[in-house]
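Novice: Sharing a structure, written as structure tokens. Questions coming.
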Amino acid sequence: MSGTGTGATRISPVSTTNEWWASPSPSPDGSQLAVLFASQTGAGLGVMTVATGQIQPIDPGARAALRWSPVADEIAYFGDGGLRVIRADGLLVLGPIATPVDVGWDGSDGQIDWSGDGKWLIACITGAFSGARHLTLIDRLTGELLPLAFTARDNLCGATWQP
């Protein structure tokens, strides 16, 4: 759809029984979409070329919260074993990054985002007891987790990077 909300155009193949696409995240140039998909041929994280609607599967272990880097050919997501960063060609560049014992990543509702320069990620971690959540920064180069303690007091977890 255009930026004005007009001109809707189908870019995916017409789905059949037991096929679906979800959680699209566009590449910086808009030519590709990272998507979660399920079809007769597989499931997981795929990269769809917008011009053709073709999907290239790149990780069957992807589970939630796809976010394409704003400055690079990298996609952050939650998959088997934790948070991962993968290139659109399928090369794993970081992870999986597991959380400390008794806590986990909250991949619901897109709880991961990139900094504008692509050097940091922010994600939500669920606590050891029901309802406990907080935000954590992740260094994109090292995978180091830097919990934002002040967000735990009020269980804040809207993982969105603002300019």
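By convention in this document, the chains of the structure tokens carry letters A, B, ... by their order, each chain's residues are numbered from 1, and ligands are numbered from 1 in the order they are shown.
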Would you tabulate, counting only C-alpha atoms, all residues of segment 20-54 of chain A that have an atom at most 8 Å from an atom of segment 63-83 of chain A, showing the closest pair of atoms and their distance in Å to one decimal, sorted by chain then ascending number, as a tab-separated table?
Specialist:
```
residue	atom	partner	partner_atom	distance
A:Ser23	CA	A:Leu66	CA	6.4
A:Pro24	CA	A:Leu66	CA	7.1
A:Ser25	CA	A:Arg67	CA	5.6
A:Pro26	CA	A:Trp68	CA	6.4
A:Ser27	CA	A:Trp68	CA	5.8
A:Pro28	CA	A:Pro70	CA	5.4
A:Ala34	CA	A:Leu66	CA	6.8
A:Val35	CA	A:Leu66	CA	7.2
A:Leu36	CA	A:Ala64	CA	7.6
A:Gly44	CA	A:Arg63	CA	6.8
A:Leu45	CA	A:Arg63	CA	7.9
```
Novice: Just want the 10 Å neighbourhood of Asn155 of chain A, counted on only C-alpha atoms, with same-chain residues fewer than 6 positions away dropped. Output as an MDAnalysis selection string.
Specialist: chainID A and resid 124:127 131:135 149
Novice: Kindly indicate which residue among A:Asp29, A:Asp106, A:Asp139, A:Glu19 lies nearest to Lys119 of chain A, using only C-alpha atoms for the distances.
Specialist: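 Comparing A:Asp29, A:Asp106, A:Asp139, A:Glu19 against Lys119 of chain A, the winner is A:Asp139.
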Novice: Between atom CA of Leu146 of chain A and atom CA of Trp120 of chain A, what is the spacing in Å?
Specialist: 10.4 Å
